[in-house]
Every structure is written in structure tokens, then in C-alpha cells.
Amino acid sequence: MYEGAVQDLIDELGRLPGVGPKSAQRIAFHLLAAEGHEVKRLVDALTEVKLRVRFCELCGNVAEAERCRVCLDPRRSDEVICVVEEPKDVVAVERTREFRGRYHVLGGAINPMENIGPDDLRIKELLTRLADGAVKEVILAMDPNVEGEATATYLARLIGPIGITVSRLASGLPVGGDLEYADEVTLGRAFEGRRVVGG
Amino acid sequence: MYVSHLSLLDFRSYTAVDVELEPGVNAFLGPNGQGKTNLVEAIGYVATLGSHRVSTDAPLIRAGASRAVVRTRVVRGDRASTIELEIAPGKANRGRINRGQPVRARDVLGILRTVLFAPEDLALVKGDPDGRRRFLDQLLVLMIPRVSGVLADYDRVLRQRSALLKSARGVRRSAGGRPSRPRLSTTSSTSLSPGLSTGSADSSAGAAGDQTGSELATLDVWDARLAELGAEILVLRLGLVEALRPAVAASYEQVSSGAGAAEISYKWSLPSEVPDGAALPSVGAVRDALLDAMRDVRQQELDRGLSLVGPHRDDLVLTLAGLPAKGYASHGESWSFALALRLASYRLLGGEVQAPAFWNPDLGTDAEPVLVLDDVFAELDTRRRERLAELVAPARQVLVTAAVPDDVPGALRGVRFHVEPGTVTRER
């Protein structure tokens, strides 16, 4: 244990995701040794992000205005909405540079063990966006785990009856890998989701 | 297959030890507490990535060391592979095959297969159903590695569903709500679906009725997932029990010299009879039956906050001459039954038993698993000892541990090792 301010800093850093006690201590001492203006830059960045960045009122993505860059872009199609769990998933899909529709960020997945139900997610906002009939397809891009699947199934059951096409990302083999190195769970899934290509 | 070499580094009581093993019988002898079981535990770890004695990895590391290394050489047919596993608690264990690049520990599964007999096996007969369910599930994973993913998903869905049932019960009692998460959008809610219109904009202000409304909507989703995964597990277990049934009966007769017939059958949580014999139900049919059953007990589930239907409620029923083995069988009979279950799984994995339809055994050459008998003979009377010895003696490789050399029957002649703290010496 360190005295006062140093320990406070270590405690605060240790609360960050992915930072354990050892790393927290290392970062704290790095900051202590750093030049005043370097620390100031970090402090400014933290203050700025809390001041300027907020969440898009339409899709829930991170934004610096009322609406995010994607929602403001007139070149994007309003007919397709890709639903994801977190803002970082938007970045992941954007990296493909192929999706030209809009996004909707739920803010998590249904997870009863952590007390997160549908009312805690931005599902009502999604249904509101679907109300005007402009959207033709909803792509569900949840994480391929138990909670993501449950969320996707729940949404599919809600949206399906409205008459909008609902699709789900395929799960299967990574591209560029060798079949023999795929683990048996992934390969088993890929078998289940196989496609007919001839005959 | 057989293990031709075992070397341990900082594993349990061993700083460093190298043992050359032979096909056939290898017996590790020495007083209690010298480290005999540690040797076979290490071999079991390479086959299953788990210990039969402890559920965490920490006790496997020698006190004071930070990681343990187990290296084995497995000979199958005329091919030998070296498997190296580095066990480091708190980190991901890593493996290496034939001194290649490090791989995930999971990737070494399937190269070495073992069937272990241990004193703990008695709990299969005398203990609770979860031990018997684990026996079936572990065998399924050895047969089809993908099943480990299905079981893990089922377990996760089950815990989520039970959490939901518990919280739904809590909400109905207190009429309070969950703390609401900060909401960033103030979009007015235009309802599209009747199922959703019950949710209020601020969940903490929601009345109890509204809460349960949306809770129940997600319960349907968990029901569907539970039924889907549960049906897959059930059909596998039914097929496995069907394949094991004759082998268990035959093995019991051999171990106990024909005193009463041993039967195994599956007992499930569904109201209908368990289908027997050749007509295994389809996954779809079982899924629908699970969904129906859940619908029927929903009120009860909500009252008790428990999932009452599914493979987690089932049991493998063991009967002896028509009476349940648990409670009726004597100590010796219980032992015979436990041995029969292990022998039957050994025969199934080695291809001596008609494989269930879902399994492509692809045994290849020399597939017979390594048999490990850890401290078993001390538990058995002379007659059972002799019979077991006769049954396992012809196996490709048998590893035996015993504190008293005379406990090892004469039929199991082979290489003998003397185990003292930290060292293993071959007897000449």
C-alpha cells in the first residue's frame, strides 16, 4: 500500500478494464515520473472526451453532435440497419468498407445474470426507427455467444411479424486459415451452416 | 496406443523425473504419499486436460514453482508423437506437439486417450446423479470433441434462464424494478408490437405487471435455446446409454462372476416414457417435447425460481437384478458396477462395442485407450481383484498404482517401478 494520492491513483487505474493491480502500479509510477505537460495532455484528453463525446440520439453510436457521422451521411442507404451490441462493433463492421446502410447500437446483450433485460437495451428506439417503413432489412450482428444469440432470437421474434427481412451473420470458418487448424466447435458450426453450391 | 515416455517438471511432488514405460503392464509401487498417483494423474491430464483429483490446476504445480511441464511420448501403431503441456494457473495452458510451435492446450486432445479407474469411481454408484451425468458427458466429449461446446453453451443458457426465473420471482414479490441504466435517447416510444408496448420508458418506474411481461417475453427465447441444446444432449446421451447397455451387463457379469444382472437405463425429466431400444427419437421431437414440458411447469418454475426440465435434471439409473444399485447393492456389488461402467467405456472407445449411430469412431490402427488403475486393487476383494486383472491384462497398456505390491494380482506381471519421494526407479 502506498500513501494517499499515489494509492488513490493506483486504485482508480485498477478499476479500468484489462488493467490489473500490477499494471495499475506501473502506469501510476510512469505518470509520476512523466513531465507535467504530458500528464496535462492526458487529463485534457479525458476531460474533452467526457465533454464532447456523447451518444447518437438516433443509433446510439458514439458521436460528437446530436447525431453520429454514419447517421448524418446522406450517401448511406436507409433501407438496411445493422444492429450491434456495442459502438466498437460499429467500427469493426465499418472496417469491411462494404456495408452502406445504417447502424443501431443496443448497448449490450440480454444477460439475466447481470440483470440486463430488453428494457435496458435500446430496443424500443430500434422499433421506432422501423416504424416508418423505410427499412427493408435488419441485419443482426450480435456476438456469437449464448447472450448474443438470445438477443438476436428475441429481436427476430419482435421484428419478423412487422414484415421486415431479418438476417443474421453467418458463423463459421475464418478466412485465410487452414481447415485443419479450425477448432471442432467452429468447424461443427460451419458444417451446420453449410450452403448448397451446386446440383 | 501406449505411453512410452513420461517426464515431469515441477509437477506435484516432482522437481524433475523421467520414466520410460513399456507396452503391457506397468506397476508403480511404494508406500502411500510417495507420488504414485501423481504419475498417472499427469498422464490423465494430457488425455483430458483435467485431473481426476482436483478441479483446478493450482495444486498440480510443485509448491514454489510457477508452472509445471508434462511431456509424454505416445506410440500408436508405428508412429510416435511427443505431447508437451505447460500448466500455468491463471494463464492459458499451452501445448506443443512433436516439438513444433506452441498450440492451444485444447489442440492436443484426442492424441492420447485413457480410461481411468480410481477409488472415486465408487461414487458413480453410491453418489448423486450429477456424477453419473458427468460420466456420460465426459465420455461423449472423448468421442466427439465438439460436444464440449454444446455442454458449455447449455450450462450457460441454464444459468441465464435460472437467473431470469429468480429475478422474475423477485420482481413479482417486491413490485420494484431493476435500477435503470442511463438512457441517452429521449425518442418517444411509438409502439409497434403488443409484446413491447408493456415496457415503460423508464424501467425503474415500471409496475410489477409490466416487468414480468417483458421478463416472460425473454423467457421464451431462453426456453427455445435450452430446448435446442438440451435436445441435442439428450439424443446423444440416449444413444450412448443404448450402446453401453450390453457392454455394462457383460462387463458386470465378468467382474462379479454372474451374480445378478446389471442394467443401465436413462431417466429424464420429461413426462413421457424414455424411448427404448433401436427407436431413438429425433432432436426435433425431443426439442418439442422439452418445450411442451417447460410450458406445463412454467408456473412452478416461476414460483421456485428454478429450471425444472432438461438434461441437468436427469440420471443414469443403475439396477441390479431389478433393484436400484444405490441403496440396495452391497459394497462389493457397487464396486463391480463401477468397474463395469469403466470397462464398458474402455470397450466402447477401443471399438469392441457397436458404436452409436451418431458417432464415426474412425479408430484407425492401435486405437485402444491406455488403461489406468489408480489404487483400485486395495479396494477390491481377492476374487474381484483376480477377475479384473484377467480382464485388463491383455490390454495394450495398463498403468497400475498400489501401495502394497501383493495387492497387484499375479496376472498383471510386467514392469515394476519403485516410487520414492521425487524419484521413480525401475525394478530389475
# chains A, B, ... in the order shown; residues from 1 in each chain; ligands from 1
$ residues_around --residues "Gly148 in chain A" --least-positions-apart "2" --cutoff "9 Å" --atoms "only C-alpha atoms" --output "list in words"
Glu85, Gly108, Ala109, Ile110, Asn111, Ala141, Met142, Asp143, Pro144, Asn145, Val146, Ala150, Thr151, Ala152 and Thr153 of chain A
$ write_last_selection --atoms "N, CA and C atoms" --output "CSV table (one decimal), in the first residue's frame"
chain,number,residue,atom,x,y,z
A,85,GLU,N,-24.1,-4.8,-30.7
A,85,GLU,CA,-24.2,-4.7,-29.3
A,85,GLU,C,-23.5,-3.4,-28.8
A,108,GLY,N,-25.4,-3.5,-25.4
A,108,GLY,CA,-25.2,-4.7,-24.7
A,108,GLY,C,-26.1,-5.8,-25.2
A,109,ALA,N,-26.2,-6.9,-24.5
A,109,ALA,CA,-27.0,-8.0,-24.9
A,109,ALA,C,-27.8,-8.4,-23.7
A,110,ILE,N,-28.9,-9.2,-23.9
A,110,ILE,CA,-29.7,-9.7,-22.9
A,110,ILE,C,-28.9,-10.6,-22.0
A,111,ASN,N,-28.8,-10.3,-20.7
A,111,ASN,CA,-28.0,-11.1,-19.8
A,111,ASN,C,-28.6,-11.1,-18.4
A,141,ALA,N,-26.2,-8.5,-35.9
A,141,ALA,CA,-24.8,-8.8,-35.8
A,141,ALA,C,-24.3,-8.8,-34.4
A,142,MET,N,-25.0,-9.7,-33.6
A,142,MET,CA,-24.6,-9.9,-32.2
A,142,MET,C,-23.4,-10.8,-32.1
A,143,ASP,N,-22.7,-10.7,-30.9
A,143,ASP,CA,-21.6,-11.6,-30.7
A,143,ASP,C,-22.1,-13.1,-30.8
A,144,PRO,N,-21.3,-14.0,-31.3
A,144,PRO,CA,-21.7,-15.4,-31.4
A,144,PRO,C,-21.6,-16.1,-30.1
A,145,ASN,N,-22.2,-15.6,-29.1
A,145,ASN,CA,-22.2,-16.4,-27.8
A,145,ASN,C,-23.6,-16.5,-27.3
A,146,VAL,N,-23.8,-17.2,-26.2
A,146,VAL,CA,-25.1,-17.5,-25.7
A,146,VAL,C,-26.0,-16.3,-25.6
A,150,ALA,N,-29.3,-15.2,-27.8
A,150,ALA,CA,-30.6,-15.0,-27.2
A,150,ALA,C,-31.1,-13.6,-27.6
A,151,THR,N,-30.3,-12.6,-27.7
A,151,THR,CA,-30.7,-11.3,-28.1
A,151,THR,C,-31.2,-11.3,-29.5
A,152,ALA,N,-30.4,-11.9,-30.4
A,152,ALA,CA,-30.8,-12.0,-31.8
A,152,ALA,C,-32.2,-12.7,-32.0
A,153,THR,N,-32.3,-13.8,-31.2
A,153,THR,CA,-33.6,-14.5,-31.4
A,153,THR,C,-34.8,-13.6,-30.9
$ interface_residues --of "chain A" --to "chain B" --cutoff "6 Å" --atoms "only C-alpha atoms" --output "PyMOL selection string"
chain A and resi 57+112-113+128+154+184-185
$ residues_around --residues "Leu348 in chain B" --least-positions-apart "4" --cutoff "10 Å" --atoms "only C-alpha atoms" --output "list in words"
Leu139, Met143, Leu240, Ala243, Leu244, Ala247, Arg342, Leu343, Ala344, Glu352, Val353, Gln354, Ala355, Pro356, Pro361, Glu368 and Pro369 of chain B
$ write_last_selection --atoms "N, CA, C and O atoms" --output "short mmCIF file (atom, residue, chain, number, x, y, z; two decimals), in the first residue's frame"
data_model
loop_
_atom_site.label_atom_id
_atom_site.label_comp_id
_atom_site.auth_asym_id
_atom_site.auth_seq_id
_atom_site.Cartn_x
_atom_site.Cartn_y
_atom_site.Cartn_z
N LEU B 139 -17.62 -38.97 -21.41
CA LEU B 139 -17.42 -39.99 -22.43
C LEU B 139 -17.81 -39.44 -23.81
O LEU B 139 -17.13 -39.67 -24.81
N MET B 143 -15.58 -38.94 -27.26
CA MET B 143 -15.98 -39.48 -28.56
C MET B 143 -16.09 -38.37 -29.59
O MET B 143 -15.62 -38.50 -30.71
N LEU B 240 -25.78 -43.06 -26.36
CA LEU B 240 -24.63 -43.58 -25.63
C LEU B 240 -25.06 -44.68 -24.66
O LEU B 240 -24.44 -45.75 -24.58
N ALA B 243 -25.74 -47.81 -26.44
CA ALA B 243 -24.53 -48.52 -26.87
C ALA B 243 -23.82 -49.18 -25.68
O ALA B 243 -23.23 -50.24 -25.81
N LEU B 244 -23.89 -48.51 -24.51
CA LEU B 244 -23.17 -49.04 -23.34
C LEU B 244 -23.90 -50.20 -22.68
O LEU B 244 -23.29 -51.06 -22.06
N ALA B 247 -22.69 -53.73 -23.06
CA ALA B 247 -21.30 -53.82 -22.61
C ALA B 247 -21.21 -53.77 -21.09
O ALA B 247 -20.39 -54.46 -20.48
N ARG B 342 -16.69 -48.50 -16.16
CA ARG B 342 -15.41 -48.09 -16.74
C ARG B 342 -14.96 -49.06 -17.83
O ARG B 342 -14.47 -48.64 -18.88
N LEU B 343 -15.12 -50.35 -17.57
CA LEU B 343 -14.72 -51.34 -18.58
C LEU B 343 -15.53 -51.16 -19.86
O LEU B 343 -14.99 -51.23 -20.97
N ALA B 344 -16.83 -50.88 -19.68
CA ALA B 344 -17.69 -50.71 -20.86
C ALA B 344 -17.24 -49.49 -21.66
O ALA B 344 -17.21 -49.52 -22.89
N GLU B 352 -14.57 -52.14 -29.39
CA GLU B 352 -15.07 -53.51 -29.20
C GLU B 352 -16.59 -53.55 -29.14
O GLU B 352 -17.19 -54.62 -29.18
N VAL B 353 -17.20 -52.40 -28.99
CA VAL B 353 -18.65 -52.33 -28.81
C VAL B 353 -19.24 -51.64 -30.03
O VAL B 353 -18.64 -50.71 -30.57
N GLN B 354 -20.40 -52.10 -30.46
CA GLN B 354 -21.12 -51.46 -31.57
C GLN B 354 -21.31 -49.97 -31.26
O GLN B 354 -21.93 -49.60 -30.27
N ALA B 355 -20.74 -49.11 -32.10
CA ALA B 355 -20.78 -47.67 -31.84
C ALA B 355 -22.18 -47.13 -32.09
O ALA B 355 -22.90 -47.62 -32.96
N PRO B 356 -22.60 -46.12 -31.32
CA PRO B 356 -23.89 -45.48 -31.61
C PRO B 356 -23.86 -44.80 -32.98
O PRO B 356 -22.80 -44.44 -33.47
N PRO B 361 -16.48 -43.62 -35.33
CA PRO B 361 -15.34 -43.87 -34.44
C PRO B 361 -13.98 -43.67 -35.12
O PRO B 361 -13.03 -43.30 -34.45
N GLU B 368 -6.89 -48.56 -29.15
CA GLU B 368 -7.25 -48.95 -27.80
C GLU B 368 -6.68 -47.97 -26.78
O GLU B 368 -5.47 -47.72 -26.75
N PRO B 369 -7.53 -47.38 -25.92
CA PRO B 369 -7.02 -46.40 -24.97
C PRO B 369 -6.10 -47.04 -23.92
O PRO B 369 -6.14 -48.24 -23.70
#
$ residues_around --residues "Phe29 in chain A" --least-positions-apart "3" --cutoff "12 Å" --atoms "only C-alpha atoms" --output "NGL selection string"
:A and (2 or 5-7 or 9-10 or 13 or 22-26 or 32-34 or 39)
$ write_last_selection --atoms "C-alpha atoms" --output "PDB file, in the first residue's frame"
ATOM      1  CA  TYR A   2       1.187   3.489  -0.843  1.00  0.00           C
ATOM      2  CA  ALA A   5      -2.689  10.275  -3.558  1.00  0.00           C
ATOM      3  CA  VAL A   6      -0.495   7.579  -5.109  1.00  0.00           C
ATOM      4  CA  GLN A   7      -2.698   4.785  -3.816  1.00  0.00           C
ATOM      5  CA  LEU A   9      -4.392   6.859  -8.444  1.00  0.00           C
ATOM      6  CA  ILE A  10      -3.499   3.142  -8.433  1.00  0.00           C
ATOM      7  CA  LEU A  13      -6.423   2.895 -12.689  1.00  0.00           C
ATOM      8  CA  LYS A  22       0.474  -4.683 -11.220  1.00  0.00           C
ATOM      9  CA  SER A  23      -0.269  -2.725 -14.403  1.00  0.00           C
ATOM     10  CA  ALA A  24      -2.080  -0.057 -12.390  1.00  0.00           C
ATOM     11  CA  GLN A  25       1.010   0.400 -10.248  1.00  0.00           C
ATOM     12  CA  ARG A  26       3.232   0.609 -13.301  1.00  0.00           C
ATOM     13  CA  LEU A  32       4.546  10.253 -11.530  1.00  0.00           C
ATOM     14  CA  ALA A  33       7.813  10.272 -13.437  1.00  0.00           C
ATOM     15  CA  ALA A  34       6.340  11.947 -16.532  1.00  0.00           C
ATOM     16  CA  VAL A  39       0.188  14.390 -17.853  1.00  0.00           C
TER      17      VAL A  39
END
$ select_by_dssp --residues "range 80-146 of chain B" --states "strand (DSSP E)" --output "MDAnalysis selection string"
chainID B and resid 80:87 94:97 103:104 114:117
$ write_last_selection --atoms "all heavy atoms" --output "compact mmCIF listing (two decimals), in the first residue's frame"
# COMPACT_ATOMS: atom_id res chain seq x y z
N ALA B 80 5.10 -42.35 -33.45
CA ALA B 80 5.22 -41.83 -32.09
C ALA B 80 5.00 -40.31 -32.14
O ALA B 80 5.47 -39.65 -33.06
CB ALA B 80 6.58 -42.14 -31.52
N SER B 81 4.24 -39.77 -31.19
CA SER B 81 4.10 -38.32 -31.09
C SER B 81 4.51 -37.88 -29.70
O SER B 81 4.24 -38.56 -28.72
CB SER B 81 2.66 -37.86 -31.32
OG SER B 81 1.93 -38.82 -32.02
N THR B 82 5.15 -36.73 -29.64
CA THR B 82 5.50 -36.15 -28.35
C THR B 82 4.51 -35.05 -28.04
O THR B 82 4.28 -34.17 -28.86
CB THR B 82 6.92 -35.55 -28.40
OG1 THR B 82 7.78 -36.52 -28.96
CG2 THR B 82 7.39 -35.17 -27.02
N ILE B 83 3.90 -35.12 -26.88
CA ILE B 83 2.97 -34.08 -26.46
C ILE B 83 3.56 -33.40 -25.23
O ILE B 83 3.93 -34.06 -24.28
CB ILE B 83 1.60 -34.65 -26.05
CG1 ILE B 83 1.08 -35.62 -27.11
CG2 ILE B 83 0.60 -33.53 -25.83
CD1 ILE B 83 -0.14 -36.37 -26.64
N GLU B 84 3.65 -32.09 -25.30
CA GLU B 84 4.16 -31.35 -24.15
C GLU B 84 3.10 -30.36 -23.71
O GLU B 84 2.52 -29.66 -24.53
CB GLU B 84 5.43 -30.61 -24.56
CG GLU B 84 6.12 -29.95 -23.40
CD GLU B 84 7.39 -29.24 -23.86
OE1 GLU B 84 8.27 -29.91 -24.42
OE2 GLU B 84 7.47 -28.02 -23.69
N LEU B 85 2.82 -30.35 -22.41
CA LEU B 85 1.83 -29.41 -21.88
C LEU B 85 2.47 -28.58 -20.80
O LEU B 85 3.12 -29.11 -19.90
CB LEU B 85 0.66 -30.18 -21.26
CG LEU B 85 -0.53 -30.52 -22.15
CD1 LEU B 85 -1.58 -31.22 -21.30
CD2 LEU B 85 -1.12 -29.27 -22.78
N GLU B 86 2.27 -27.27 -20.93
CA GLU B 86 2.75 -26.39 -19.88
C GLU B 86 1.55 -25.92 -19.09
O GLU B 86 0.61 -25.35 -19.66
CB GLU B 86 3.47 -25.20 -20.51
CG GLU B 86 4.13 -24.29 -19.52
CD GLU B 86 4.75 -23.08 -20.21
OE1 GLU B 86 5.61 -23.27 -21.08
OE2 GLU B 86 4.35 -21.96 -19.87
N ILE B 87 1.54 -26.20 -17.79
CA ILE B 87 0.40 -25.85 -16.95
C ILE B 87 0.78 -24.66 -16.10
O ILE B 87 1.71 -24.74 -15.29
CB ILE B 87 0.00 -27.03 -16.05
CG1 ILE B 87 -0.20 -28.30 -16.89
CG2 ILE B 87 -1.27 -26.71 -15.27
CD1 ILE B 87 -0.24 -29.56 -16.07
N ARG B 94 -0.49 -24.14 -22.40
CA ARG B 94 -0.07 -24.27 -23.79
C ARG B 94 0.46 -25.66 -24.06
O ARG B 94 0.98 -26.33 -23.18
CB ARG B 94 0.99 -23.23 -24.11
CG ARG B 94 0.39 -21.84 -24.32
CD ARG B 94 1.41 -20.92 -24.88
NE ARG B 94 2.66 -21.00 -24.13
CZ ARG B 94 3.77 -20.39 -24.50
NH1 ARG B 94 3.78 -19.69 -25.60
NH2 ARG B 94 4.86 -20.49 -23.77
N GLY B 95 0.30 -26.09 -25.28
CA GLY B 95 0.77 -27.41 -25.65
C GLY B 95 1.74 -27.32 -26.81
O GLY B 95 1.82 -26.30 -27.51
N ARG B 96 2.51 -28.38 -26.98
CA ARG B 96 3.36 -28.49 -28.17
C ARG B 96 3.29 -29.93 -28.65
O ARG B 96 3.34 -30.86 -27.84
CB ARG B 96 4.81 -28.12 -27.85
CG ARG B 96 5.00 -26.64 -27.60
CD ARG B 96 6.37 -26.18 -28.00
NE ARG B 96 7.41 -26.91 -27.30
CZ ARG B 96 8.70 -26.84 -27.64
NH1 ARG B 96 9.07 -26.08 -28.65
NH2 ARG B 96 9.60 -27.53 -26.96
N ILE B 97 3.13 -30.10 -29.93
CA ILE B 97 3.07 -31.44 -30.49
C ILE B 97 4.32 -31.65 -31.32
O ILE B 97 4.63 -30.84 -32.21
CB ILE B 97 1.80 -31.60 -31.35
CG1 ILE B 97 0.55 -31.32 -30.49
CG2 ILE B 97 1.73 -33.00 -31.94
CD1 ILE B 97 -0.72 -31.14 -31.28
N VAL B 103 0.79 -24.56 -29.33
CA VAL B 103 -0.62 -24.54 -29.74
C VAL B 103 -1.47 -24.41 -28.49
O VAL B 103 -0.97 -24.52 -27.38
CB VAL B 103 -1.01 -25.82 -30.51
CG1 VAL B 103 -0.28 -25.89 -31.83
CG2 VAL B 103 -0.72 -27.05 -29.67
N ARG B 104 -2.78 -24.16 -28.70
CA ARG B 104 -3.68 -24.14 -27.55
C ARG B 104 -3.70 -25.53 -26.93
O ARG B 104 -3.62 -26.53 -27.65
CB ARG B 104 -5.09 -23.77 -28.00
CG ARG B 104 -5.27 -22.31 -28.35
CD ARG B 104 -6.63 -22.09 -28.92
NE ARG B 104 -6.91 -23.09 -29.95
CZ ARG B 104 -8.06 -23.26 -30.54
NH1 ARG B 104 -9.07 -22.52 -30.19
NH2 ARG B 104 -8.22 -24.17 -31.47
N THR B 114 -7.22 -42.15 -22.51
CA THR B 114 -7.07 -43.02 -21.36
C THR B 114 -8.44 -43.33 -20.77
O THR B 114 -9.38 -42.56 -20.95
CB THR B 114 -6.23 -42.36 -20.24
OG1 THR B 114 -6.89 -41.18 -19.82
CG2 THR B 114 -4.84 -42.02 -20.71
N VAL B 115 -8.54 -44.46 -20.13
CA VAL B 115 -9.70 -44.75 -19.29
C VAL B 115 -9.17 -45.01 -17.90
O VAL B 115 -8.30 -45.86 -17.72
CB VAL B 115 -10.51 -45.94 -19.82
CG1 VAL B 115 -11.59 -46.33 -18.81
CG2 VAL B 115 -11.15 -45.59 -21.15
N LEU B 116 -9.66 -44.25 -16.94
CA LEU B 116 -9.12 -44.30 -15.59
C LEU B 116 -10.08 -44.98 -14.62
O LEU B 116 -11.26 -44.68 -14.60
CB LEU B 116 -8.85 -42.86 -15.13
CG LEU B 116 -8.44 -42.70 -13.67
CD1 LEU B 116 -6.94 -42.75 -13.52
CD2 LEU B 116 -8.97 -41.40 -13.11
N PHE B 117 -9.54 -45.90 -13.84
CA PHE B 117 -10.29 -46.48 -12.72
C PHE B 117 -9.67 -45.91 -11.46
O PHE B 117 -8.45 -45.98 -11.29
CB PHE B 117 -10.13 -48.00 -12.67
CG PHE B 117 -10.70 -48.74 -13.85
CD1 PHE B 117 -10.19 -48.59 -15.11
CD2 PHE B 117 -11.76 -49.62 -13.65
CE1 PHE B 117 -10.72 -49.30 -16.18
CE2 PHE B 117 -12.30 -50.33 -14.73
CZ PHE B 117 -11.78 -50.17 -15.99
$ residues_around --residues "Val84 in chain A" --least-positions-apart "2" --cutoff "8 Å" --atoms "only C-alpha atoms" --output "PyMOL selection string"
chain A and resi 82+86-87+89-90+103-106+140-142
$ residues_around --residues "Arg194 in chain A" --least-positions-apart "2" --cutoff "12 Å" --atoms "only C-alpha atoms" --output "count of residues only"
12
$ closest_residue --among "B:Phe377, B:Tyr328, B:Tyr14, B:Trp268" --to "Gly310 in chain B" --atoms "only C-alpha atoms"
B:Trp268
$ atom_distance --atom1 "CA of Gly230 in chain B" --atom2 "CA of Arg287 in chain B"
7.4 Å
$ residues_around --residues "Thr319 in chain B" --least-positions-apart "3" --cutoff "7 Å" --atoms "only C-alpha atoms" --output "count of residues only"
7
$ closest_residue --among "A:Glu66, A:Glu79, A:Glu38, A:Glu48" --to "Ala134 in chain A" --atoms "only C-alpha atoms"
A:Glu79
